[in-house]
Amino acid sequence: MLRAAGVGLGDEVVVPAFGNVEVAEAVATSGALPVFADIDPVTYCLDPAAVEAAITPRTAAVVVVHRFGRLADIARLHGVGQRHGLLVLEQGESEAPYDEIAQRRERAAYLDAKLRGVWTPDDGDGHTYQQYVVRVPGNGRPDRDAFARAVRARGVEARVPVKTPVHHLPEFRRCVSLPETERASDETLALPVDASLTKRDMQRIVSACNALGGLLQPAF
């Protein structure tokens with residue numbers, strides 16, 4: 001899509017560093033330079049203000065990635081593109097059947113109501129819960145990684161969604177300030193909300209997480 005739009009050597013493309021490396025690789029393959037902008041801490045998608053701050057005379061495009069079942073603020077991002085004459089491309093996630101999304105939302109609502117000591121995800125803008133991503137505050141004990149190990153030991157499949165932000169990878173290392181990206185990479189943990197989970201499964205997830213809640217700083 002970038003090549004078809006004429007993006008190439010000498011151009012810059014604004015992308016998120018929180019997520020998969022494939023987006024930055026696609027920009028590099030087109031001959032352009034990936035420029036990383038920070039994310040919104042609620043949606044985990046590109047922050048329109050951060051995108052605007054990253055624009056230079058060489059910027060040709062922005063690649064917006066919808067994350068975890070939450071949509072980016074695409075209206076504002078298209079507004080940024082229009083003001084600066086930029087191509088705005090979107091990378092979505094594979095869509096699940098409506099029934100499956102409804103079941104994920106039901107399980108997410110159960111976790112929202114029952115979990116303690118972690119920050120549960122915001123459910124706005126039609127969240128489809130491709131992943132149910134909580135934050136484990138890093139200023140308490142255990143930290144996110146220790147918390148993940150502990151709940152796995154209790155039989156819960158917990159997964160770190162983004163282990164290393166792209167701007168920390170050797171091939172794309174940049175000296176750039178992305179505080180929300182860094183914080184999200186340190187604190188986020190994906191818990192199961194698959195449609196196949198039973199009520200007993202959900203109770204086990206809550207029990208495993210809440211058993212550790214007293215070791216964490218209160219989530220405000």
# chains A, B, ... in the order shown; residues from 1 in each chain; ligands from 1

call {"tool": "select_by_dssp", "arguments": {"residues": "stretch 76-181 of chain A", "states": "helix (DSSP H, G or I)", "output": "NGL selection string"}}
result
:A and (76-84 or 98-114 or 144-153 or 166-168 or 170-172 or 179-181)

call {"tool": "closest_atom_pairs", "arguments": {"of": "stretch 139-213 of chain A", "to": "stretch 14-34 of chain A", "cutoff": "12 Å", "atoms": "only C-alpha atoms", "output": "CSV"}}
result
residue,atom,partner,partner_atom,distance
A:Val160,CA,A:Gly19,CA,11.2
A:Pro161,CA,A:Gly19,CA,8.0
A:Val162,CA,A:Gly19,CA,5.8
A:Lys163,CA,A:Gly19,CA,8.8
A:Thr164,CA,A:Phe18,CA,8.0
A:Pro165,CA,A:Phe18,CA,5.1
A:Val166,CA,A:Ala17,CA,4.7
A:His167,CA,A:Ala17,CA,5.8
A:His168,CA,A:Ala17,CA,8.6
A:Leu169,CA,A:Val21,CA,8.7
A:Pro170,CA,A:Val21,CA,11.3
A:Glu171,CA,A:Glu25,CA,9.4
A:Phe172,CA,A:Ala24,CA,8.0
A:Arg173,CA,A:Ala17,CA,10.3
A:Arg174,CA,A:Pro34,CA,10.1
A:Val176,CA,A:Ala17,CA,10.5
A:Ser177,CA,A:Ala17,CA,11.1
A:Leu178,CA,A:Ala17,CA,8.5
A:Pro179,CA,A:Phe18,CA,11.0
A:Glu180,CA,A:Phe18,CA,9.2
A:Thr181,CA,A:Phe18,CA,5.7
A:Glu182,CA,A:Phe18,CA,8.2
A:Arg183,CA,A:Phe18,CA,10.1
A:Ala184,CA,A:Phe18,CA,7.9
A:Ser185,CA,A:Phe18,CA,7.2
A:Asp186,CA,A:Phe18,CA,11.0
A:Thr188,CA,A:Phe18,CA,11.1

call {"tool": "residues_around", "arguments": {"residues": "A:Gly155", "least_positions_apart": "3", "cutoff": "10 Å", "atoms": "only C-alpha atoms", "output": "mmCIF file with C-alpha atoms, in the first residue's frame"}}
result
data_model
loop_
_atom_site.group_PDB
_atom_site.id
_atom_site.type_symbol
_atom_site.label_atom_id
_atom_site.label_comp_id
_atom_site.auth_asym_id
_atom_site.auth_seq_id
_atom_site.Cartn_x
_atom_site.Cartn_y
_atom_site.Cartn_z
ATOM 1 C CA ALA A 150 2.583 -16.378 39.727
ATOM 2 C CA VAL A 151 -0.762 -16.607 37.911
ATOM 3 C CA ARG A 152 0.667 -19.041 35.374
ATOM 4 C CA ALA A 158 -1.276 -14.952 31.115
ATOM 5 C CA ASP A 201 -12.393 -21.076 34.238
ATOM 6 C CA ARG A 204 -10.046 -19.558 38.509
ATOM 7 C CA ILE A 205 -8.620 -16.530 36.684
ATOM 8 C CA ALA A 208 -5.429 -16.528 40.876
#

call {"tool": "closest_residue", "arguments": {"among": "A:Gly8, A:Val35, A:Ala53, A:Pro192", "to": "A:Leu111", "atoms": "only C-alpha atoms"}}
result
A:Pro192

call {"tool": "atom_distance", "arguments": {"atom1": "atom CA of A:Glu106", "atom2": "atom CA of A:Val193"}}
result
8.7 Å

call {"tool": "atom_distance", "arguments": {"atom1": "atom CA of A:Leu189", "atom2": "atom CA of A:Ala54"}}
result
28.0 Å

call {"tool": "decode", "arguments": {"residues": "stretch 80-105 of chain A", "atoms": "N, CA, C and O atoms", "output": "PDB file, in the first residue's frame"}}
result
ATOM      1  N   VAL A  80      -5.370  14.984  11.352  1.00  0.00           N
ATOM      2  CA  VAL A  80      -3.938  15.303  11.294  1.00  0.00           C
ATOM      3  C   VAL A  80      -3.422  15.106   9.873  1.00  0.00           C
ATOM      4  O   VAL A  80      -2.684  15.933   9.332  1.00  0.00           O
ATOM      5  N   GLY A  81      -3.819  13.981   9.269  1.00  0.00           N
ATOM      6  CA  GLY A  81      -3.376  13.711   7.900  1.00  0.00           C
ATOM      7  C   GLY A  81      -3.833  14.775   6.923  1.00  0.00           C
ATOM      8  O   GLY A  81      -3.066  15.215   6.054  1.00  0.00           O
ATOM      9  N   GLN A  82      -5.065  15.206   7.061  1.00  0.00           N
ATOM     10  CA  GLN A  82      -5.595  16.226   6.146  1.00  0.00           C
ATOM     11  C   GLN A  82      -4.882  17.565   6.328  1.00  0.00           C
ATOM     12  O   GLN A  82      -4.585  18.250   5.345  1.00  0.00           O
ATOM     13  N   ARG A  83      -4.613  17.932   7.561  1.00  0.00           N
ATOM     14  CA  ARG A  83      -3.931  19.214   7.807  1.00  0.00           C
ATOM     15  C   ARG A  83      -2.541  19.248   7.203  1.00  0.00           C
ATOM     16  O   ARG A  83      -2.050  20.297   6.793  1.00  0.00           O
ATOM     17  N   HIS A  84      -1.879  18.080   7.167  1.00  0.00           N
ATOM     18  CA  HIS A  84      -0.486  18.035   6.719  1.00  0.00           C
ATOM     19  C   HIS A  84      -0.324  17.356   5.356  1.00  0.00           C
ATOM     20  O   HIS A  84       0.816  17.159   4.905  1.00  0.00           O
ATOM     21  N   GLY A  85      -1.431  16.994   4.726  1.00  0.00           N
ATOM     22  CA  GLY A  85      -1.349  16.371   3.415  1.00  0.00           C
ATOM     23  C   GLY A  85      -0.709  14.996   3.431  1.00  0.00           C
ATOM     24  O   GLY A  85       0.064  14.652   2.527  1.00  0.00           O
ATOM     25  N   LEU A  86      -1.043  14.192   4.434  1.00  0.00           N
ATOM     26  CA  LEU A  86      -0.423  12.882   4.608  1.00  0.00           C
ATOM     27  C   LEU A  86      -1.400  11.746   4.294  1.00  0.00           C
ATOM     28  O   LEU A  86      -2.605  11.861   4.532  1.00  0.00           O
ATOM     29  N   LEU A  87      -0.857  10.649   3.799  1.00  0.00           N
ATOM     30  CA  LEU A  87      -1.604   9.419   3.639  1.00  0.00           C
ATOM     31  C   LEU A  87      -1.769   8.772   5.014  1.00  0.00           C
ATOM     32  O   LEU A  87      -0.801   8.653   5.767  1.00  0.00           O
ATOM     33  N   VAL A  88      -2.992   8.386   5.368  1.00  0.00           N
ATOM     34  CA  VAL A  88      -3.248   7.695   6.634  1.00  0.00           C
ATOM     35  C   VAL A  88      -3.759   6.293   6.318  1.00  0.00           C
ATOM     36  O   VAL A  88      -4.852   6.134   5.755  1.00  0.00           O
ATOM     37  N   LEU A  89      -2.963   5.291   6.672  1.00  0.00           N
ATOM     38  CA  LEU A  89      -3.324   3.897   6.439  1.00  0.00           C
ATOM     39  C   LEU A  89      -3.691   3.243   7.759  1.00  0.00           C
ATOM     40  O   LEU A  89      -3.141   3.577   8.813  1.00  0.00           O
ATOM     41  N   GLU A  90      -4.613   2.289   7.706  1.00  0.00           N
ATOM     42  CA  GLU A  90      -5.040   1.578   8.906  1.00  0.00           C
ATOM     43  C   GLU A  90      -4.703   0.101   8.790  1.00  0.00           C
ATOM     44  O   GLU A  90      -4.904  -0.506   7.741  1.00  0.00           O
ATOM     45  N   GLN A  91      -4.202  -0.456   9.878  1.00  0.00           N
ATOM     46  CA  GLN A  91      -4.032  -1.903   9.970  1.00  0.00           C
ATOM     47  C   GLN A  91      -4.974  -2.403  11.057  1.00  0.00           C
ATOM     48  O   GLN A  91      -4.825  -2.067  12.236  1.00  0.00           O
ATOM     49  N   GLY A  92      -5.960  -3.187  10.657  1.00  0.00           N
ATOM     50  CA  GLY A  92      -6.924  -3.706  11.610  1.00  0.00           C
ATOM     51  C   GLY A  92      -6.534  -5.079  12.105  1.00  0.00           C
ATOM     52  O   GLY A  92      -5.461  -5.608  11.800  1.00  0.00           O
ATOM     53  N   GLU A  93      -7.422  -5.656  12.902  1.00  0.00           N
ATOM     54  CA  GLU A  93      -7.241  -7.000  13.415  1.00  0.00           C
ATOM     55  C   GLU A  93      -8.291  -7.906  12.784  1.00  0.00           C
ATOM     56  O   GLU A  93      -9.337  -7.437  12.337  1.00  0.00           O
ATOM     57  N   SER A  94      -8.019  -9.176  12.743  1.00  0.00           N
ATOM     58  CA  SER A  94      -8.993 -10.101  12.162  1.00  0.00           C
ATOM     59  C   SER A  94     -10.279 -10.058  12.981  1.00  0.00           C
ATOM     60  O   SER A  94     -10.245 -10.070  14.216  1.00  0.00           O
ATOM     61  N   GLU A  95     -11.404  -9.991  12.297  1.00  0.00           N
ATOM     62  CA  GLU A  95     -12.684  -9.859  12.978  1.00  0.00           C
ATOM     63  C   GLU A  95     -13.265 -11.229  13.321  1.00  0.00           C
ATOM     64  O   GLU A  95     -13.300 -12.131  12.485  1.00  0.00           O
ATOM     65  N   ALA A  96     -13.697 -11.358  14.548  1.00  0.00           N
ATOM     66  CA  ALA A  96     -14.337 -12.593  14.991  1.00  0.00           C
ATOM     67  C   ALA A  96     -15.833 -12.514  14.718  1.00  0.00           C
ATOM     68  O   ALA A  96     -16.391 -11.419  14.573  1.00  0.00           O
ATOM     69  N   PRO A  97     -16.520 -13.652  14.645  1.00  0.00           N
ATOM     70  CA  PRO A  97     -17.979 -13.635  14.491  1.00  0.00           C
ATOM     71  C   PRO A  97     -18.646 -12.887  15.636  1.00  0.00           C
ATOM     72  O   PRO A  97     -18.121 -12.843  16.756  1.00  0.00           O
ATOM     73  N   TYR A  98     -19.821 -12.333  15.353  1.00  0.00           N
ATOM     74  CA  TYR A  98     -20.520 -11.513  16.350  1.00  0.00           C
ATOM     75  C   TYR A  98     -20.768 -12.285  17.640  1.00  0.00           C
ATOM     76  O   TYR A  98     -20.597 -11.749  18.747  1.00  0.00           O
ATOM     77  N   ASP A  99     -21.179 -13.553  17.526  1.00  0.00           N
ATOM     78  CA  ASP A  99     -21.467 -14.343  18.723  1.00  0.00           C
ATOM     79  C   ASP A  99     -20.229 -14.486  19.599  1.00  0.00           C
ATOM     80  O   ASP A  99     -20.313 -14.426  20.830  1.00  0.00           O
ATOM     81  N   GLU A 100     -19.078 -14.683  18.957  1.00  0.00           N
ATOM     82  CA  GLU A 100     -17.842 -14.831  19.720  1.00  0.00           C
ATOM     83  C   GLU A 100     -17.474 -13.521  20.414  1.00  0.00           C
ATOM     84  O   GLU A 100     -17.036 -13.514  21.571  1.00  0.00           O
ATOM     85  N   ILE A 101     -17.646 -12.391  19.712  1.00  0.00           N
ATOM     86  CA  ILE A 101     -17.370 -11.095  20.325  1.00  0.00           C
ATOM     87  C   ILE A 101     -18.278 -10.873  21.529  1.00  0.00           C
ATOM     88  O   ILE A 101     -17.838 -10.404  22.590  1.00  0.00           O
ATOM     89  N   ALA A 102     -19.543 -11.220  21.392  1.00  0.00           N
ATOM     90  CA  ALA A 102     -20.488 -11.048  22.500  1.00  0.00           C
ATOM     91  C   ALA A 102     -20.061 -11.877  23.707  1.00  0.00           C
ATOM     92  O   ALA A 102     -20.159 -11.400  24.857  1.00  0.00           O
ATOM     93  N   GLN A 103     -19.569 -13.086  23.466  1.00  0.00           N
ATOM     94  CA  GLN A 103     -19.126 -13.923  24.580  1.00  0.00           C
ATOM     95  C   GLN A 103     -17.856 -13.377  25.211  1.00  0.00           C
ATOM     96  O   GLN A 103     -17.694 -13.421  26.441  1.00  0.00           O
ATOM     97  N   ARG A 104     -16.956 -12.839  24.399  1.00  0.00           N
ATOM     98  CA  ARG A 104     -15.758 -12.212  24.962  1.00  0.00           C
ATOM     99  C   ARG A 104     -16.129 -11.019  25.835  1.00  0.00           C
ATOM    100  O   ARG A 104     -15.560 -10.807  26.908  1.00  0.00           O
ATOM    101  N   ARG A 105     -17.069 -10.220  25.351  1.00  0.00           N
ATOM    102  CA  ARG A 105     -17.501  -9.055  26.133  1.00  0.00           C
ATOM    103  C   ARG A 105     -18.126  -9.480  27.455  1.00  0.00           C
ATOM    104  O   ARG A 105     -17.929  -8.831  28.484  1.00  0.00           O
TER     105      ARG A 105
END
